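**Student:** Following this line is upload_19.pdb, made up of PDB, N, CA and C atoms:
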```pdb
ATOM      1  N   MET A   1      97.784  97.528 103.273
ATOM      2  CA  MET A   1      97.382  97.949 101.942
ATOM      3  C   MET A   1      98.421  98.931 101.413
ATOM      4  N   ASN A   2      98.943  98.655 100.217
ATOM      5  CA  ASN A   2      99.958  99.535  99.653
ATOM      6  C   ASN A   2      99.316 100.717  98.912
ATOM      7  N   LYS A   3     100.141 101.611  98.393
ATOM      8  CA  LYS A   3      99.652 102.826  97.740
ATOM      9  C   LYS A   3      98.753 102.508  96.551
ATOM     10  N   LEU A   4      99.141 101.517  95.773
ATOM     11  CA  LEU A   4      98.372 101.142  94.596
ATOM     12  C   LEU A   4      96.961 100.726  94.979
ATOM     13  N   GLU A   5      96.850  99.879  95.984
ATOM     14  CA  GLU A   5      95.536  99.419  96.426
ATOM     15  C   GLU A   5      94.713 100.562  97.021
ATOM     16  N   LYS A   6      95.366 101.473  97.745
ATOM     17  CA  LYS A   6      94.662 102.620  98.312
ATOM     18  C   LYS A   6      94.096 103.510  97.210
ATOM     19  N   LEU A   7      94.913 103.797  96.202
ATOM     20  CA  LEU A   7      94.453 104.620  95.087
ATOM     21  C   LEU A   7      93.279 103.955  94.372
ATOM     22  N   TYR A   8      93.403 102.660  94.163
ATOM     23  CA  TYR A   8      92.316 101.918  93.507
ATOM     24  C   TYR A   8      91.035 102.003  94.328
ATOM     25  N   GLU A   9      91.123 101.793  95.616
ATOM     26  CA  GLU A   9      89.930 101.814  96.474
ATOM     27  C   GLU A   9      89.266 103.193  96.485
ATOM     28  N   VAL A  10      90.055 104.245  96.498
ATOM     29  CA  VAL A  10      89.490 105.595  96.488
ATOM     30  C   VAL A  10      88.756 105.852  95.169
ATOM     31  N   ILE A  11      89.367 105.468  94.063
ATOM     32  CA  ILE A  11      88.727 105.669  92.758
ATOM     33  C   ILE A  11      87.516 104.748  92.613
ATOM     34  N   LYS A  12      87.634 103.537  93.107
ATOM     35  CA  LYS A  12      86.516 102.587  93.032
ATOM     36  C   LYS A  12      85.315 103.078  93.838
ATOM     37  N   ALA A  13      85.544 103.817  94.898
ATOM     38  CA  ALA A  13      84.442 104.382  95.678
ATOM     39  C   ALA A  13      83.605 105.334  94.819
ATOM     40  N   GLN A  14      84.255 105.984  93.866
ATOM     41  CA  GLN A  14      83.546 106.891  92.960
ATOM     42  C   GLN A  14      82.934 106.143  91.770
ATOM     43  N   ARG A  15      83.560 105.045  91.388
ATOM     44  CA  ARG A  15      83.092 104.227  90.256
ATOM     45  C   ARG A  15      82.989 102.777  90.718
ATOM     46  N   PRO A  16      81.885 102.406  91.387
ATOM     47  CA  PRO A  16      81.766 101.079  92.007
ATOM     48  C   PRO A  16      81.957  99.892  91.066
ATOM     49  N   ASN A  17      81.716 100.068  89.792
ATOM     50  CA  ASN A  17      81.853  98.958  88.843
ATOM     51  C   ASN A  17      83.258  98.831  88.260
ATOM     52  N   LEU A  18      84.188  99.626  88.727
ATOM     53  CA  LEU A  18      85.555  99.621  88.212
ATOM     54  C   LEU A  18      86.289  98.359  88.673
ATOM     55  N   SER A  19      86.718  97.566  87.715
ATOM     56  CA  SER A  19      87.477  96.353  88.051
ATOM     57  C   SER A  19      88.965  96.676  88.107
ATOM     58  N   LYS A  20      89.730  95.768  88.688
ATOM     59  CA  LYS A  20      91.182  95.954  88.749
ATOM     60  C   LYS A  20      91.768  95.954  87.343
ATOM     61  N   ARG A  21      91.202  95.150  86.465
ATOM     62  CA  ARG A  21      91.684  95.110  85.078
ATOM     63  C   ARG A  21      91.452  96.449  84.380
ATOM     64  N   GLU A  22      90.252  97.001  84.539
ATOM     65  CA  GLU A  22      89.946  98.299  83.930
ATOM     66  C   GLU A  22      90.831  99.396  84.524
ATOM     67  N   PHE A  23      91.021  99.359  85.825
ATOM     68  CA  PHE A  23      91.873 100.337  86.481
ATOM     69  C   PHE A  23      93.288 100.261  85.917
ATOM     70  N   SER A  24      93.806  99.052  85.786
ATOM     71  CA  SER A  24      95.161  98.862  85.245
ATOM     72  C   SER A  24      95.280  99.418  83.832
ATOM     73  N   GLU A  25      94.289  99.131  83.005
ATOM     74  CA  GLU A  25      94.351  99.564  81.610
ATOM     75  C   GLU A  25      93.985 101.032  81.427
ATOM     76  N   ASP A  26      92.856 101.453  82.003
ATOM     77  CA  ASP A  26      92.315 102.779  81.731
ATOM     78  C   ASP A  26      92.974 103.895  82.533
ATOM     79  N   TYR A  27      93.344 103.618  83.764
ATOM     80  CA  TYR A  27      93.915 104.661  84.616
ATOM     81  C   TYR A  27      95.436 104.610  84.663
ATOM     82  N   LEU A  28      95.988 103.401  84.732
ATOM     83  CA  LEU A  28      97.442 103.265  84.848
ATOM     84  C   LEU A  28      98.130 103.113  83.496
ATOM     85  N   GLU A  29      97.329 102.842  82.459
ATOM     86  CA  GLU A  29      97.844 102.600  81.110
ATOM     87  C   GLU A  29      98.893 101.487  81.101
ATOM     88  N   MET A  30      98.608 100.446  81.863
ATOM     89  CA  MET A  30      99.480  99.284  81.952
ATOM     90  C   MET A  30      98.673  98.076  81.457
ATOM     91  N   SER A  31      99.271  96.894  81.510
ATOM     92  CA  SER A  31      98.552  95.694  81.089
ATOM     93  C   SER A  31      97.392  95.422  82.039
ATOM     94  N   SER A  32      96.434  94.639  81.573
ATOM     95  CA  SER A  32      95.236  94.384  82.376
ATOM     96  C   SER A  32      95.536  93.651  83.682
ATOM     97  N   GLY A  33      96.620  92.909  83.734
ATOM     98  CA  GLY A  33      96.972  92.164  84.935
ATOM     99  C   GLY A  33      97.958  92.882  85.851
ATOM    100  N   TYR A  34      98.270  94.129  85.540
ATOM    101  CA  TYR A  34      99.289  94.863  86.295
ATOM    102  C   TYR A  34      98.966  94.929  87.785
ATOM    103  N   MET A  35      97.782  95.374  88.119
ATOM    104  CA  MET A  35      97.443  95.558  89.530
ATOM    105  C   MET A  35      97.423  94.217  90.263
ATOM    106  N   THR A  36      96.879  93.214  89.635
ATOM    107  CA  THR A  36      96.834  91.890  90.258
ATOM    108  C   THR A  36      98.244  91.363  90.518
ATOM    109  N   ALA A  37      99.128  91.522  89.541
ATOM    110  CA  ALA A  37     100.512  91.048  89.698
ATOM    111  C   ALA A  37     101.238  91.822  90.792
ATOM    112  N   MET A  38     101.060  93.115  90.815
ATOM    113  CA  MET A  38     101.731  93.926  91.830
ATOM    114  C   MET A  38     101.236  93.558  93.232
ATOM    115  N   SER A  39      99.947  93.330  93.362
ATOM    116  CA  SER A  39      99.387  92.935  94.657
ATOM    117  C   SER A  39      99.903  91.553  95.065
ATOM    118  N   TYR A  40      99.941  90.636  94.115
ATOM    119  CA  TYR A  40     100.383  89.270  94.395
ATOM    120  C   TYR A  40     101.827  89.251  94.887
ATOM    121  N   TYR A  41     102.681  90.021  94.227
ATOM    122  CA  TYR A  41     104.096  90.039  94.590
ATOM    123  C   TYR A  41     104.420  91.052  95.687
ATOM    124  N   GLY A  42     103.413  91.776  96.171
ATOM    125  CA  GLY A  42     103.619  92.726  97.258
ATOM    126  C   GLY A  42     104.412  93.951  96.854
ATOM    127  N   ARG A  43     104.365  94.286  95.590
ATOM    128  CA  ARG A  43     105.104  95.450  95.099
ATOM    129  C   ARG A  43     104.193  96.668  95.055
ATOM    130  N   ASP A  44     104.812  97.819  95.126
ATOM    131  CA  ASP A  44     104.045  99.058  95.055
ATOM    132  C   ASP A  44     104.020  99.559  93.613
ATOM    133  N   ILE A  45     103.225 100.541  93.391
ATOM    134  CA  ILE A  45     103.023 101.093  92.054
ATOM    135  C   ILE A  45     104.323 101.701  91.519
ATOM    136  N   SER A  46     104.579 101.504  90.225
ATOM    137  CA  SER A  46     105.786 102.063  89.615
ATOM    138  C   SER A  46     105.587 103.558  89.347
ATOM    139  N   LEU A  47     106.702 104.257  89.173
ATOM    140  CA  LEU A  47     106.630 105.680  88.857
ATOM    141  C   LEU A  47     105.917 105.909  87.524
ATOM    142  N   LYS A  48     106.158 105.018  86.573
ATOM    143  CA  LYS A  48     105.502 105.143  85.268
ATOM    144  C   LYS A  48     103.988 105.032  85.407
ATOM    145  N   ALA A  49     103.530 104.044  86.166
ATOM    146  CA  ALA A  49     102.095 103.861  86.365
ATOM    147  C   ALA A  49     101.500 105.048  87.129
ATOM    148  N   LEU A  50     102.226 105.548  88.118
ATOM    149  CA  LEU A  50     101.757 106.717  88.872
ATOM    150  C   LEU A  50     101.664 107.949  87.978
ATOM    151  N   ALA A  51     102.645 108.136  87.126
ATOM    152  CA  ALA A  51     102.618 109.270  86.193
ATOM    153  C   ALA A  51     101.441 109.131  85.231
ATOM    154  N   ASN A  52     101.199 107.910  84.761
ATOM    155  CA  ASN A  52     100.059 107.669  83.871
ATOM    156  C   ASN A  52      98.739 107.946  84.591
ATOM    157  N   LEU A  53      98.639 107.526  85.844
ATOM    158  CA  LEU A  53      97.435 107.772  86.630
ATOM    159  C   LEU A  53      97.196 109.272  86.785
ATOM    160  N   THR A  54      98.242 110.010  87.108
ATOM    161  CA  THR A  54      98.128 111.450  87.270
ATOM    162  C   THR A  54      97.673 112.098  85.963
ATOM    163  N   LYS A  55      98.232 111.648  84.853
ATOM    164  CA  LYS A  55      97.864 112.190  83.541
ATOM    165  C   LYS A  55      96.402 111.875  83.214
ATOM    166  N   THR A  56      95.976 110.654  83.483
ATOM    167  CA  THR A  56      94.595 110.250  83.220
ATOM    168  C   THR A  56      93.614 111.069  84.050
ATOM    169  N   LEU A  57      93.928 111.237  85.331
ATOM    170  CA  LEU A  57      93.048 112.025  86.199
ATOM    171  C   LEU A  57      93.043 113.495  85.794
ATOM    172  N   ARG A  58      94.167 113.997  85.301
ATOM    173  CA  ARG A  58      94.214 115.392  84.808
ATOM    174  C   ARG A  58      93.263 115.552  83.629
ATOM    175  N   SER A  59      93.216 114.544  82.764
ATOM    176  CA  SER A  59      92.288 114.581  81.631
ATOM    177  C   SER A  59      90.848 114.608  82.115
ATOM    178  N   GLU A  60      90.554 113.850  83.167
ATOM    179  CA  GLU A  60      89.208 113.852  83.728
ATOM    180  C   GLU A  60      88.880 115.210  84.346
ATOM    181  N   VAL A  61      89.841 115.810  85.024
ATOM    182  CA  VAL A  61      89.632 117.153  85.589
ATOM    183  C   VAL A  61      89.296 118.130  84.467
ATOM    184  N   ASP A  62      90.072 118.097  83.391
ATOM    185  CA  ASP A  62      89.841 119.003  82.261
ATOM    186  C   ASP A  62      88.448 118.793  81.669
ATOM    187  N   ALA A  63      88.039 117.540  81.535
ATOM    188  CA  ALA A  63      86.717 117.234  80.980
ATOM    189  C   ALA A  63      85.607 117.771  81.878
ATOM    190  N   TRP A  64      85.730 117.545  83.184
ATOM    191  CA  TRP A  64      84.710 118.028  84.110
ATOM    192  C   TRP A  64      84.704 119.551  84.202
ATOM    193  N   GLN A  65      85.853 120.179  84.038
ATOM    194  CA  GLN A  65      85.881 121.639  84.029
ATOM    195  C   GLN A  65      85.129 122.183  82.813
ATOM    196  N   ALA A  66      85.293 121.526  81.681
ATOM    197  CA  ALA A  66      84.578 121.940  80.471
ATOM    198  C   ALA A  66      83.072 121.728  80.634
ATOM    199  N   ILE A  67      82.701 120.610  81.215
ATOM    200  CA  ILE A  67      81.279 120.334  81.449
ATOM    201  C   ILE A  67      80.708 121.358  82.420
ATOM    202  N   HIS A  68      81.440 121.615  83.492
ATOM    203  CA  HIS A  68      80.978 122.555  84.512
ATOM    204  C   HIS A  68      80.871 123.982  83.947
ATOM    205  N   ALA A  69      81.741 124.324  83.024
ATOM    206  CA  ALA A  69      81.705 125.666  82.430
ATOM    207  C   ALA A  69      80.433 125.877  81.611
ATOM    208  N   SER A  70      79.921 124.812  81.015
ATOM    209  CA  SER A  70      78.723 124.957  80.184
ATOM    210  C   SER A  70      77.434 124.640  80.945
ATOM    211  N   SER A  71      77.566 123.924  82.049
ATOM    212  CA  SER A  71      76.375 123.554  82.823
ATOM    213  C   SER A  71      76.759 123.508  84.296
ATOM    214  N   THR A  72      76.409 124.534  85.020
ATOM    215  CA  THR A  72      76.865 124.678  86.400
ATOM    216  C   THR A  72      75.897 124.068  87.418
ATOM    217  N   THR A  73      75.506 122.822  87.189
ATOM    218  CA  THR A  73      74.637 122.151  88.152
ATOM    219  C   THR A  73      75.446 121.718  89.367
ATOM    220  N   GLN A  74      74.765 121.477  90.445
ATOM    221  CA  GLN A  74      75.417 121.034  91.682
ATOM    222  C   GLN A  74      76.125 119.697  91.463
ATOM    223  N   ARG A  75      75.495 118.804  90.713
ATOM    224  CA  ARG A  75      76.091 117.493  90.455
ATOM    225  C   ARG A  75      77.406 117.626  89.678
ATOM    226  N   ASN A  76      77.418 118.487  88.665
ATOM    227  CA  ASN A  76      78.652 118.700  87.911
ATOM    228  C   ASN A  76      79.743 119.273  88.804
ATOM    229  N   LYS A  77      79.374 120.186  89.682
ATOM    230  CA  LYS A  77      80.340 120.774  90.606
ATOM    231  C   LYS A  77      80.916 119.701  91.529
ATOM    232  N   GLN A  78      80.075 118.815  92.051
ATOM    233  CA  GLN A  78      80.532 117.737  92.929
ATOM    234  C   GLN A  78      81.460 116.785  92.191
ATOM    235  N   ASN A  79      81.108 116.437  90.956
ATOM    236  CA  ASN A  79      81.962 115.549  90.168
ATOM    237  C   ASN A  79      83.319 116.182  89.902
ATOM    238  N   LEU A  80      83.321 117.459  89.598
ATOM    239  CA  LEU A  80      84.575 118.178  89.373
ATOM    240  C   LEU A  80      85.424 118.177  90.636
ATOM    241  N   GLU A  81      84.814 118.466  91.771
ATOM    242  CA  GLU A  81      85.557 118.485  93.032
ATOM    243  C   GLU A  81      86.125 117.115  93.368
ATOM    244  N   ARG A  82      85.363 116.058  93.136
ATOM    245  CA  ARG A  82      85.843 114.698  93.419
ATOM    246  C   ARG A  82      87.059 114.344  92.579
ATOM    247  N   VAL A  83      86.971 114.614  91.281
ATOM    248  CA  VAL A  83      88.090 114.256  90.411
ATOM    249  C   VAL A  83      89.297 115.147  90.695
ATOM    250  N   GLN A  84      89.080 116.392  91.113
ATOM    251  CA  GLN A  84      90.202 117.250  91.504
ATOM    252  C   GLN A  84      90.899 116.688  92.743
ATOM    253  N   GLN A  85      90.124 116.173  93.688
ATOM    254  CA  GLN A  85      90.707 115.567  94.888
ATOM    255  C   GLN A  85      91.502 114.312  94.529
ATOM    256  N   LEU A  86      90.963 113.487  93.633
ATOM    257  CA  LEU A  86      91.671 112.286  93.202
ATOM    258  C   LEU A  86      92.979 112.656  92.509
ATOM    259  N   HIS A  87      92.925 113.669  91.650
ATOM    260  CA  HIS A  87      94.133 114.108  90.949
ATOM    261  C   HIS A  87      95.174 114.622  91.939
ATOM    262  N   ALA A  88      94.736 115.391  92.922
ATOM    263  CA  ALA A  88      95.664 115.910  93.936
ATOM    264  C   ALA A  88      96.293 114.767  94.726
ATOM    265  N   MET A  89      95.499 113.770  95.057
ATOM    266  CA  MET A  89      96.006 112.614  95.799
ATOM    267  C   MET A  89      97.054 111.853  94.967
ATOM    268  N   ALA A  90      96.757 111.632  93.692
ATOM    269  CA  ALA A  90      97.704 110.932  92.820
ATOM    270  C   ALA A  90      98.978 111.745  92.634
ATOM    271  N   THR A  91      98.834 113.051  92.484
ATOM    272  CA  THR A  91      99.998 113.925  92.314
ATOM    273  C   THR A  91     100.872 113.913  93.565
ATOM    274  N   ASP A  92     100.251 114.006  94.726
ATOM    275  CA  ASP A  92     101.006 113.954  95.983
ATOM    276  C   ASP A  92     101.743 112.626  96.121
ATOM    277  N   THR A  93     101.073 111.544  95.764
ATOM    278  CA  THR A  93     101.698 110.215  95.849
ATOM    279  C   THR A  93     102.893 110.131  94.897
ATOM    280  N   LEU A  94     102.736 110.679  93.706
ATOM    281  CA  LEU A  94     103.836 110.681  92.736
ATOM    282  C   LEU A  94     105.011 111.505  93.256
ATOM    283  N   LEU A  95     104.734 112.680  93.781
ATOM    284  CA  LEU A  95     105.814 113.534  94.296
ATOM    285  C   LEU A  95     106.541 112.904  95.482
ATOM    286  N   GLU A  96     105.795 112.194  96.328
ATOM    287  CA  GLU A  96     106.413 111.503  97.461
ATOM    288  C   GLU A  96     107.323 110.359  96.989
ATOM    289  N   ALA A  97     106.963 109.749  95.870
ATOM    290  CA  ALA A  97     107.707 108.585  95.390
ATOM    291  C   ALA A  97     108.987 108.964  94.654
ATOM    292  N   ILE A  98     109.059 110.205  94.222
ATOM    293  CA  ILE A  98     110.237 110.631  93.432
ATOM    294  C   ILE A  98     111.433 110.852  94.334
TER     295      ILE A  98
END
```
Rewrite the structure from the file as structure tokens, please.
**Tutor:**
Amino acid sequence: MNKLEKLYEVIKAQRPNLSKREFSEDYLEMSSGYMTAMSYYGRDISLKALANLTKTLRSEVDAWQAIHASSTTQRNKQNLERVQQLHAMATDTLLEAI
């Protein structure tokens, strides 16, 4: 399993209904078939897609921080921690690839 598939599986664990097409478009900001094509050809995630993923997850971190600031429930705290971990993982992967 390459980095792209690992990142997808980790995020999919948090969002079970996330399809590869949605992941490609919403998280990687690439075409809907990006992940499928990369998997088919055995290629790893591009730096552009990784940077887009990191940016998207940063936006989610910011959103959850705002939610947590106004409502400090345990569930909000857990969601914030999860997305922070995902962002850290994507950032580490991006830094390793550079």
**Student:** For the structure provided, state which residues fall under the PyMOL selection byres ((chain A and resi 43-49) around 8), and present them as a ChimeraX atom specification.
**Tutor:** /A:2-5,27-30,37-42,50-55,94,97-98
**Student:** Please indicate the distance in Å from atom N of Ser31 in chain A to CA of Leu57 in chain A, rounded to one decimal place.
**Tutor:**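 Atom-to-atom, atom N of Ser31 in chain A to CA of Leu57 in chain A, that is 17.0 Å.
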**Student:** Hey, what's within 6.5 Å of range 76-90 of chain A if we count all atoms listed in the file and toss same-chain stuff fewer than 6 positions away? As a list in words, please?
**Tutor:**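 Residues meeting the cut-off are Leu53, Thr54, Leu57, Arg58, Glu60, Val61, Trp64, Gln65, Ile67 and His68 of chain A.
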**Student:** Kindly give the distance, in Å, that separates CA of Tyr34 in chain A and atom N of Arg21 in chain A, rounded to a single decimal.
**Tutor:**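 Here the two named atoms are 8.1 Å from each other.
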**Student:** So how many Å separate atom C of Phe23 in chain A and atom C of Val10 in chain A, to one decimal?
**Tutor:**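 Between atom C of Phe23 in chain A and atom C of Val10 in chain A the gap works out to 11.7 Å.
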**Student:** Would you return as a count of residues only the members of chain A that DSSP assigns to alpha helix (DSSP H) on this structure's backbone?
**Tutor:** 71
